[in-house]
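> Got a file for you: protein-v6.pdb, PDB, C-alpha atoms.
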ATOM      1  CA  MET A 238     109.611  22.661  40.394
ATOM      2  CA  PRO A 239     113.394  22.048  40.220
ATOM      3  CA  SER A 240     115.690  24.850  41.182
ATOM      4  CA  SER A 241     117.364  24.812  37.789
ATOM      5  CA  ALA A 242     114.024  25.518  36.098
ATOM      6  CA  MET A 243     113.286  28.377  38.490
ATOM      7  CA  SER A 244     116.678  29.935  37.773
ATOM      8  CA  ASP A 245     116.023  29.687  34.052
ATOM      9  CA  ILE A 246     112.704  31.507  34.435
ATOM     10  CA  VAL A 247     114.212  34.251  36.591
ATOM     11  CA  GLY A 248     117.132  34.591  34.260
ATOM     12  CA  ALA A 249     114.876  34.799  31.247
ATOM     13  CA  GLY A 250     112.204  37.232  32.406
ATOM     14  CA  GLY A 251     113.047  38.422  35.894
ATOM     15  CA  VAL A 252     115.460  41.150  34.807
ATOM     16  CA  SER A 253     113.104  42.575  32.209
ATOM     17  CA  ALA A 254     110.132  42.384  34.627
ATOM     18  CA  SER A 255     112.037  44.206  37.339
ATOM     19  CA  THR A 256     113.224  46.828  34.844
ATOM     20  CA  ASP A 257     109.645  47.449  33.678
ATOM     21  CA  ALA A 258     108.517  47.770  37.288
ATOM     22  CA  MET A 259     111.219  50.361  37.965
ATOM     23  CA  LYS A 260     110.211  52.342  34.898
ATOM     24  CA  ARG A 261     106.554  52.441  35.940
ATOM     25  CA  PRO A 262     105.768  55.339  38.324
ATOM     26  CA  ILE A 263     104.723  54.133  41.752
ATOM     27  CA  ILE A 264     102.991  57.359  42.770
ATOM     28  CA  HIS A 265     101.140  59.569  40.304
ATOM     29  CA  CYS A 266     102.418  63.142  40.453
ATOM     30  CA  PRO A 267      99.848  65.569  39.034
ATOM     31  CA  THR A 268     101.056  68.261  36.699
ATOM     32  CA  LEU A 269     101.384  71.553  38.491
ATOM     33  CA  ARG A 270      99.281  74.331  37.028
ATOM     34  CA  ARG A 271     100.019  77.957  37.514
ATOM     35  CA  VAL A 272      97.025  79.337  39.396
ATOM     36  CA  PRO A 273      96.827  83.121  39.464
ATOM     37  CA  SER A 274      97.087  84.507  42.971
ATOM     38  CA  ARG A 275      94.263  86.424  44.555
ATOM     39  CA  ARG A 276      96.366  89.554  44.660
ATOM     40  CA  ARG A 277      96.935  89.320  40.921
ATOM     41  CA  LEU A 278      93.222  88.828  40.331
ATOM     42  CA  PHE A 279      92.497  91.763  42.614
ATOM     43  CA  ALA A 280      94.953  93.975  40.723
ATOM     44  CA  THR A 281      93.340  92.927  37.434
ATOM     45  CA  SER A 282      89.842  93.745  38.697
ATOM     46  CA  VAL A 283      91.027  97.123  40.007
ATOM     47  CA  ALA A 284      92.579  97.950  36.633
ATOM     48  CA  ALA A 285      89.369  96.969  34.863
ATOM     49  CA  ALA A 286      87.342  99.075  37.289
ATOM     50  CA  LEU A 287      89.567 102.094  36.612
ATOM     51  CA  ILE A 288      89.108 101.603  32.873
ATOM     52  CA  LEU A 289      85.364 101.428  33.416
ATOM     53  CA  LEU A 290      85.443 104.644  35.429
ATOM     54  CA  ALA A 291      87.355 106.274  32.571
ATOM     55  CA  VAL A 292      84.620 105.118  30.202
ATOM     56  CA  ALA A 293      82.075 106.672  32.560
ATOM     57  CA  VAL A 294      83.963 109.967  32.480
ATOM     58  CA  VAL A 295      83.881 109.851  28.686
ATOM     59  CA  GLY A 296      80.181 109.070  28.931
ATOM     60  CA  VAL A 297      79.589 112.322  30.808
ATOM     61  CA  ALA A 298      81.020 114.210  27.838
ATOM     62  CA  LEU A 299      78.828 112.153  25.503
ATOM     63  CA  MET A 300      75.557 112.951  27.294
ATOM     64  CA  PRO A 301      74.536 115.754  24.873
ATOM     65  CA  GLN A 302      75.152 113.429  21.902
ATOM     66  CA  ALA A 303      73.132 110.631  23.516
ATOM     67  CA  VAL A 304      69.875 112.497  22.906
ATOM     68  CA  GLN A 305      70.637 113.507  19.322
ATOM     69  CA  THR A 306      68.391 111.797  16.778
ATOM     70  CA  ASP A 307      69.228 110.618  13.277
ATOM     71  CA  MET A 308      66.062 109.583  11.464
ATOM     72  CA  GLY A 309      68.118 108.241   8.586
ATOM     73  CA  ALA A 310      69.679 105.591  10.848
ATOM     74  CA  ARG A 311      66.630 104.219  12.614
ATOM     75  CA  SER A 312      66.471 100.683  14.072
ATOM     76  CA  LEU A 313      69.795  99.527  12.645
ATOM     77  CA  ALA A 314      71.297  96.238  13.795
ATOM     78  CA  PRO A 315      74.837  96.190  15.243
ATOM     79  CA  SER A 316      77.495  96.979  12.617
ATOM     80  CA  LEU A 317      80.917  98.556  12.327
ATOM     81  CA  ALA A 318      79.364 102.019  12.097
ATOM     82  CA  HIS A 319      77.087 101.362  15.085
ATOM     83  CA  PRO A 320      78.549  98.539  17.256
ATOM     84  CA  PHE A 321      75.546  98.536  19.600
ATOM     85  CA  GLY A 322      73.018  99.339  16.871
ATOM     86  CA  THR A 323      70.501 102.189  16.928
ATOM     87  CA  ASP A 324      66.979 102.606  18.321
ATOM     88  CA  ARG A 325      63.745 103.759  16.706
ATOM     89  CA  LEU A 326      64.828 107.432  16.857
ATOM     90  CA  GLY A 327      68.298 106.830  15.446
ATOM     91  CA  HIS A 328      70.168 107.133  18.746
ATOM     92  CA  ASP A 329      73.538 105.406  18.691
ATOM     93  CA  MET A 330      73.179 102.772  21.423
ATOM     94  CA  LEU A 331      76.918 102.685  22.149
ATOM     95  CA  VAL A 332      76.927 106.410  22.939
ATOM     96  CA  ARG A 333      73.667 106.120  24.842
ATOM     97  CA  THR A 334      74.911 103.148  26.881
ATOM     98  CA  ALA A 335      78.123 104.994  27.804
ATOM     99  CA  ALA A 336      76.100 108.033  28.881
ATOM    100  CA  GLY A 337      73.741 105.816  30.889
ATOM    101  CA  LEU A 338      76.653 104.126  32.649
ATOM    102  CA  ALA A 339      78.086 107.546  33.474
ATOM    103  CA  GLN A 340      74.846 108.547  35.182
ATOM    104  CA  SER A 341      74.627 105.249  37.050
ATOM    105  CA  VAL A 342      78.233 105.503  38.242
ATOM    106  CA  LEU A 343      77.749 109.099  39.383
ATOM    107  CA  ILE A 344      74.576 108.232  41.297
ATOM    108  CA  GLY A 345      76.236 105.151  42.759
ATOM    109  CA  LEU A 346      79.253 107.102  43.999
ATOM    110  CA  LEU A 347      77.163 109.857  45.596
ATOM    111  CA  ALA A 348      74.622 107.522  47.161
ATOM    112  CA  ALA A 349      77.209 105.020  48.425
ATOM    113  CA  GLY A 350      79.320 107.821  49.910
ATOM    114  CA  VAL A 351      76.406 109.413  51.780
ATOM    115  CA  SER A 352      75.099 106.035  52.935
ATOM    116  CA  ALA A 353      78.558 105.043  54.182
ATOM    117  CA  LEU A 354      78.860 108.260  56.212
ATOM    118  CA  ILE A 355      75.457 107.592  57.792
ATOM    119  CA  ALA A 356      76.561 104.050  58.644
ATOM    120  CA  LEU A 357      79.835 105.287  60.150
ATOM    121  CA  ALA A 358      78.101 107.889  62.316
ATOM    122  CA  LEU A 359      75.339 105.577  63.580
ATOM    123  CA  GLY A 360      77.603 102.554  64.048
ATOM    124  CA  THR A 361      80.145 104.557  66.037
ATOM    125  CA  ALA A 362      77.407 106.203  68.125
ATOM    126  CA  ALA A 363      75.887 102.809  68.905
ATOM    127  CA  ALA A 364      79.217 101.411  70.086
ATOM    128  CA  LEU A 365      80.371 104.437  72.083
ATOM    129  CA  GLY A 366      77.142 106.151  73.155
ATOM    130  CA  GLY A 367      75.971 103.851  75.921
ATOM    131  CA  ARG A 368      73.222 101.269  76.256
ATOM    132  CA  LYS A 369      70.292 103.536  75.353
ATOM    133  CA  VAL A 370      71.918 104.843  72.185
ATOM    134  CA  ASP A 371      73.007 101.322  71.255
ATOM    135  CA  ALA A 372      69.482  99.988  71.763
ATOM    136  CA  ALA A 373      67.969 102.803  69.679
ATOM    137  CA  VAL A 374      70.408 102.382  66.786
ATOM    138  CA  THR A 375      70.075  98.581  66.861
ATOM    139  CA  TRP A 376      66.278  98.878  66.760
ATOM    140  CA  LEU A 377      66.524 101.266  63.805
ATOM    141  CA  ILE A 378      68.884  98.905  61.964
ATOM    142  CA  ASP A 379      66.539  95.960  62.508
ATOM    143  CA  LEU A 380      63.601  98.053  61.335
ATOM    144  CA  MET A 381      65.364  99.103  58.128
ATOM    145  CA  LEU A 382      66.528  95.562  57.399
ATOM    146  CA  GLY A 383      62.999  94.268  57.882
ATOM    147  CA  ILE A 384      61.683  96.359  54.969
ATOM    148  CA  PRO A 385      62.630  95.360  51.390
ATOM    149  CA  HIS A 386      65.144  97.807  49.912
ATOM    150  CA  ILE A 387      63.364  98.295  46.631
ATOM    151  CA  VAL A 388      59.982  99.068  48.259
ATOM    152  CA  LEU A 389      61.421 101.611  50.685
ATOM    153  CA  LEU A 390      63.586 103.090  47.938
ATOM    154  CA  ILE A 391      60.567 103.614  45.677
ATOM    155  CA  LEU A 392      58.589 105.263  48.495
ATOM    156  CA  ILE A 393      61.414 107.636  49.426
ATOM    157  CA  SER A 394      62.250 108.483  45.813
ATOM    158  CA  TYR A 395      58.595 109.173  45.013
ATOM    159  CA  ALA A 396      58.137 111.276  48.175
ATOM    160  CA  VAL A 397      61.215 113.407  47.448
ATOM    161  CA  GLY A 398      60.138 114.006  43.854
ATOM    162  CA  LYS A 399      61.938 111.295  41.886
ATOM    163  CA  GLY A 400      64.636 112.452  39.473
ATOM    164  CA  PHE A 401      68.352 112.506  40.199
ATOM    165  CA  PHE A 402      68.021 113.946  43.705
ATOM    166  CA  GLY A 403      65.226 111.576  44.694
ATOM    167  CA  VAL A 404      67.148 108.469  43.631
ATOM    168  CA  VAL A 405      70.316 109.558  45.461
ATOM    169  CA  VAL A 406      68.377 110.314  48.665
ATOM    170  CA  GLY A 407      66.426 107.072  48.442
ATOM    171  CA  ILE A 408      69.525 104.905  47.973
ATOM    172  CA  ALA A 409      71.492 106.757  50.651
ATOM    173  CA  LEU A 410      68.727 106.315  53.240
ATOM    174  CA  THR A 411      68.150 102.608  52.575
ATOM    175  CA  HIS A 412      71.622 101.077  52.151
ATOM    176  CA  TRP A 413      73.388 101.997  55.400
ATOM    177  CA  PRO A 414      72.061  99.392  57.923
ATOM    178  CA  SER A 415      74.322  96.452  56.993
ATOM    179  CA  LEU A 416      77.446  98.609  57.001
ATOM    180  CA  ALA A 417      76.370 100.282  60.271
ATOM    181  CA  ARG A 418      76.157  96.858  61.905
ATOM    182  CA  VAL A 419      79.667  96.000  60.711
ATOM    183  CA  VAL A 420      81.058  99.338  61.957
ATOM    184  CA  ARG A 421      79.360  98.860  65.330
ATOM    185  CA  ALA A 422      80.919  95.402  65.739
ATOM    186  CA  GLU A 423      84.392  96.647  64.787
ATOM    187  CA  VAL A 424      84.207  99.643  67.126
ATOM    188  CA  LEU A 425      82.999  97.459  70.008
ATOM    189  CA  GLN A 426      85.871  95.051  69.411
ATOM    190  CA  ALA A 427      88.393  97.890  69.487
ATOM    191  CA  LYS A 428      86.706  99.485  72.497
ATOM    192  CA  ASN A 429      87.168  96.316  74.571
ATOM    193  CA  ALA A 430      90.787  95.790  73.490
ATOM    194  CA  PRO A 431      93.479  95.947  76.216
ATOM    195  CA  TYR A 432      95.480  98.698  74.514
ATOM    196  CA  VAL A 433      92.430 100.985  74.495
ATOM    197  CA  ALA A 434      91.920 100.463  78.245
ATOM    198  CA  LEU A 435      95.610 101.135  78.793
ATOM    199  CA  SER A 436      95.379 104.372  76.808
ATOM    200  CA  ARG A 437      92.490 105.515  78.980
ATOM    201  CA  LYS A 438      94.476 104.741  82.152
ATOM    202  CA  LEU A 439      97.396 106.750  80.792
ATOM    203  CA  GLY A 440      95.170 109.830  80.698
ATOM    204  CA  GLN A 441      94.123 110.078  77.041
ATOM    205  CA  SER A 442      90.716 111.615  76.412
ATOM    206  CA  ARG A 443      87.801 109.735  74.864
ATOM    207  CA  LEU A 444      88.139 111.721  71.636
ATOM    208  CA  SER A 445      91.862 110.999  71.419
ATOM    209  CA  VAL A 446      91.323 107.279  71.991
ATOM    210  CA  ALA A 447      88.569 107.195  69.365
ATOM    211  CA  MET A 448      90.616 109.025  66.748
ATOM    212  CA  ARG A 449      93.927 107.252  67.359
ATOM    213  CA  HIS A 450      92.847 103.696  68.123
ATOM    214  CA  ILE A 451      89.188 102.901  67.516
ATOM    215  CA  LEU A 452      88.494 104.520  64.132
ATOM    216  CA  PRO A 453      91.732 103.274  62.478
ATOM    217  CA  HIS A 454      90.769  99.762  63.603
ATOM    218  CA  ALA A 455      87.366 100.050  61.893
ATOM    219  CA  MET A 456      88.574 101.814  58.731
ATOM    220  CA  PRO A 457      89.518  98.726  56.647
ATOM    221  CA  GLN A 458      86.090  97.144  57.045
ATOM    222  CA  PHE A 459      84.440 100.513  56.498
ATOM    223  CA  ILE A 460      86.273 101.056  53.197
ATOM    224  CA  VAL A 461      85.454  97.534  52.013
ATOM    225  CA  GLY A 462      81.798  98.014  52.950
ATOM    226  CA  THR A 463      81.669 101.336  51.095
ATOM    227  CA  ILE A 464      83.047  99.733  47.927
ATOM    228  CA  LEU A 465      80.522  96.910  48.198
ATOM    229  CA  LEU A 466      77.718  99.460  48.568
ATOM    230  CA  PHE A 467      78.514 100.916  45.158
ATOM    231  CA  PRO A 468      77.341  97.999  42.943
ATOM    232  CA  HIS A 469      74.152  97.707  44.993
ATOM    233  CA  ALA A 470      73.499 101.415  44.507
ATOM    234  CA  VAL A 471      74.047 101.163  40.732
ATOM    235  CA  LEU A 472      71.778  98.129  40.413
ATOM    236  CA  HIS A 473      68.992  99.639  42.520
ATOM    237  CA  GLU A 474      69.176 102.926  40.620
ATOM    238  CA  ALA A 475      68.628 101.052  37.367
ATOM    239  CA  SER A 476      65.820  99.013  38.935
ATOM    240  CA  VAL A 477      63.933 102.045  40.256
ATOM    241  CA  THR A 478      64.369 103.910  36.967
ATOM    242  CA  PHE A 479      63.201 100.832  35.042
ATOM    243  CA  LEU A 480      60.013 100.782  37.140
ATOM    244  CA  GLY A 481      59.370 104.469  36.430
ATOM    245  CA  PHE A 482      60.171 105.916  39.875
ATOM    246  CA  GLY A 483      63.689 107.148  39.170
ATOM    247  CA  LEU A 484      65.264 109.353  36.533
ATOM    248  CA  SER A 485      63.180 111.183  33.978
ATOM    249  CA  PRO A 486      62.380 109.438  30.651
ATOM    250  CA  GLU A 487      64.310 112.140  28.748
ATOM    251  CA  SER A 488      67.613 111.112  30.349
ATOM    252  CA  ALA A 489      69.888 108.470  28.840
ATOM    253  CA  ALA A 490      69.839 106.189  31.877
ATOM    254  CA  ILE A 491      70.339 102.424  31.724
ATOM    255  CA  GLY A 492      66.986 101.878  33.409
ATOM    256  CA  ILE A 493      65.231 104.063  30.827
ATOM    257  CA  ILE A 494      67.000 102.252  27.964
ATOM    258  CA  LEU A 495      65.989  98.834  29.294
ATOM    259  CA  SER A 496      62.431  99.988  29.954
ATOM    260  CA  GLU A 497      62.049 101.316  26.395
ATOM    261  CA  SER A 498      63.586  98.200  24.877
ATOM    262  CA  MET A 499      60.827  95.973  26.290
ATOM    263  CA  SER A 500      58.417  97.322  23.685
ATOM    264  CA  TYR A 501      60.653  96.369  20.746
ATOM    265  CA  LEU A 502      61.963  92.925  21.701
ATOM    266  CA  SER A 503      59.045  91.240  19.965
ATOM    267  CA  ALA A 504      60.013  93.099  16.760
ATOM    268  CA  GLY A 505      63.460  91.472  16.796
ATOM    269  CA  MET A 506      65.413  94.509  18.088
ATOM    270  CA  TRP A 507      67.289  92.453  20.664
ATOM    271  CA  TRP A 508      70.335  94.741  20.743
ATOM    272  CA  LEU A 509      68.365  97.451  22.544
ATOM    273  CA  ALA A 510      68.300  95.322  25.705
ATOM    274  CA  VAL A 511      71.264  92.957  25.394
ATOM    275  CA  PHE A 512      74.169  95.408  25.215
ATOM    276  CA  PRO A 513      72.956  97.895  27.889
ATOM    277  CA  GLY A 514      72.008  94.964  30.135
ATOM    278  CA  LEU A 515      75.415  93.340  29.741
ATOM    279  CA  ALA A 516      77.125  96.671  30.445
ATOM    280  CA  LEU A 517      75.124  97.069  33.660
ATOM    281  CA  ILE A 518      75.914  93.511  34.775
ATOM    282  CA  ALA A 519      79.607  94.056  34.001
ATOM    283  CA  VAL A 520      79.720  97.194  36.171
ATOM    284  CA  VAL A 521      77.979  95.501  39.100
ATOM    285  CA  MET A 522      80.039  92.296  38.969
ATOM    286  CA  LEU A 523      83.334  94.118  38.455
ATOM    287  CA  PHE A 524      83.017  96.426  41.440
ATOM    288  CA  ASP A 525      81.649  93.582  43.543
ATOM    289  CA  ALA A 526      84.799  91.609  42.660
ATOM    290  CA  VAL A 527      86.946  94.583  43.696
ATOM    291  CA  GLY A 528      85.177  94.788  47.051
ATOM    292  CA  GLN A 529      85.396  91.051  47.682
ATOM    293  CA  GLY A 530      89.080  91.019  46.750
ATOM    294  CA  LEU A 531      89.818  93.905  49.084
ATOM    295  CA  ARG A 532      87.901  92.131  51.854
ATOM    296  CA  ARG A 533      90.061  89.027  51.445
ATOM    297  CA  LEU A 534      93.253  91.081  51.471
ATOM    298  CA  THR A 535      92.266  92.961  54.644
ATOM    299  CA  ASP A 536      91.256  89.755  56.449
ATOM    300  CA  PRO A 537      94.303  88.611  58.476
ATOM    301  CA  THR A 538      93.207  84.974  58.361
ATOM    302  CA  ARG A 539      92.903  84.876  54.552
ATOM    303  CA  ALA A 540      95.368  87.505  53.311
ATOM    304  CA  GLN A 541      98.152  84.951  52.667
ATOM    305  CA  GLU A 542      95.996  82.426  50.773
TER     306      GLU A 542
END
Output the file's structure as structure tokens, nothing else.

Amino acid sequence: MPSSAMSDIVGAGGVSASTDAMKRPIIHCPTLRRVPSRRRLFATSVAAALILLAVAVVGVALMPQAVQTDMGARSLAPSLAHPFGTDRLGHDMLVRTAAGLAQSVLIGLLAAGVSALIALALGTAAALGGRKVDAAVTWLIDLMLGIPHIVLLILISYAVGKGFFGVVVGIALTHWPSLARVVRAEVLQAKNAPYVALSRKLGQSRLSVAMRHILPHAMPQFIVGTILLFPHAVLHEASVTFLGFGLSPESAAIGIILSESMSYLSAGMWWLAVFPGLALIAVVMLFDAVGQGLRRLTDPTRAQE
């Protein structure tokens, strides 16, 4: 092709082609989205958990009203007057659900606290008490973990006499092994640290070293484990009560409400199970999110993510 023809083609379309090429993006830049940080999500979950605890406190005050019957308002579907509906005896399900959550939260706090103290004592004894104590505690942990929680919990609750005290004792005696193993590992790690050996060489007593160095090292994981015990305790309390081995049928417990609702689902009274069940799931998932968020914040390798 002659050079004059080539110049005509370049002059005619080359400038516009090059301009279009410059306008077209060479590399695709994705639009940046604002992703909420984990600390913000953790703060949100903590605020929601505090609101839920406030609802539980209100539920304690509503416990006497939860057992009051109104035969003129029997088996009503959810409405503005009764957002959660009513049951066959005219109980307001919103009031009864709040009272049931209050009982579950109270049992969960007591049982998780006692179980955490057992785990702290046994885990620390295993790490600091020598080989024989460590072997005995490790064997006991393996034995407890080898038995299903719900089976052992039912046996202990039934042996103690069921009711409020039986459920608390059963949960407290069955939920400590996992946390005890974590405490043992943390205490052993601190025990073998160079600064602990240096403190011993400087003349500090065993008790002083344990209180000043070892226990503060294990406290973050212990607190996280205690918080994570709480949703398990609440869920297992409802499970045992649902099976008839927990709180008495006269109490307004979530397990009792769900157990009674099974007889009326076929009659179309779905609200008797849906709203209390959703409230129980919300409590368990919310406090589990708080514990998981606190675990991420206390983990040095993931705290800045």
> Using the chain letters and numbers from the file, which residues does the PyMOL selection byres ((chain A and resi 360) around 7) grab, as a VMD selection string?
chain A and resid 356 to 359 361 to 364 417 to 418 420 to 421
> So the first atom is CA of Leu523 in chain A and the second is CA of Tyr395 in chain A; what is the distance between them in Å, to one decimal place?
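Between CA of Leu523 in chain A and CA of Tyr395 in chain A the gap works out to 29.7 Å.
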> What box, with edges along x, y and z, holds each listed atom of range 444-453 of chain A when 8 Å is added on every side, and can you state its centre and edge lengths in Å to one decimal, as AutoDock Vina command-line options?

--center_x 91.0 --center_y 107.3 --center_z 67.2 --size_x 21.8 --size_y 24.8 --size_z 25.5
> Evaluating the PyMOL selection byres ((chain A and resi 498-513) around 10) on the displayed file yields which residues, as a PyMOL selection string?
chain A and resi 312-315+320-325+330-331+333-335+337-338+490-497+514-519
> If we count only C-alpha atoms and set the cut-off at 6 Å, which residues sit around Gly407 in chain A, ignoring sequence neighbours fewer than 6 positions away in its own chain? Please answer as a VMD selection string.
chain A and resid 390 393 to 394
> So the first atom is CA of Val374 in chain A and the second is CA of Val461 in chain A; what is the distance between them in Å, to one decimal place?
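We find that CA of Val374 in chain A and CA of Val461 in chain A lie 21.6 Å from each other.
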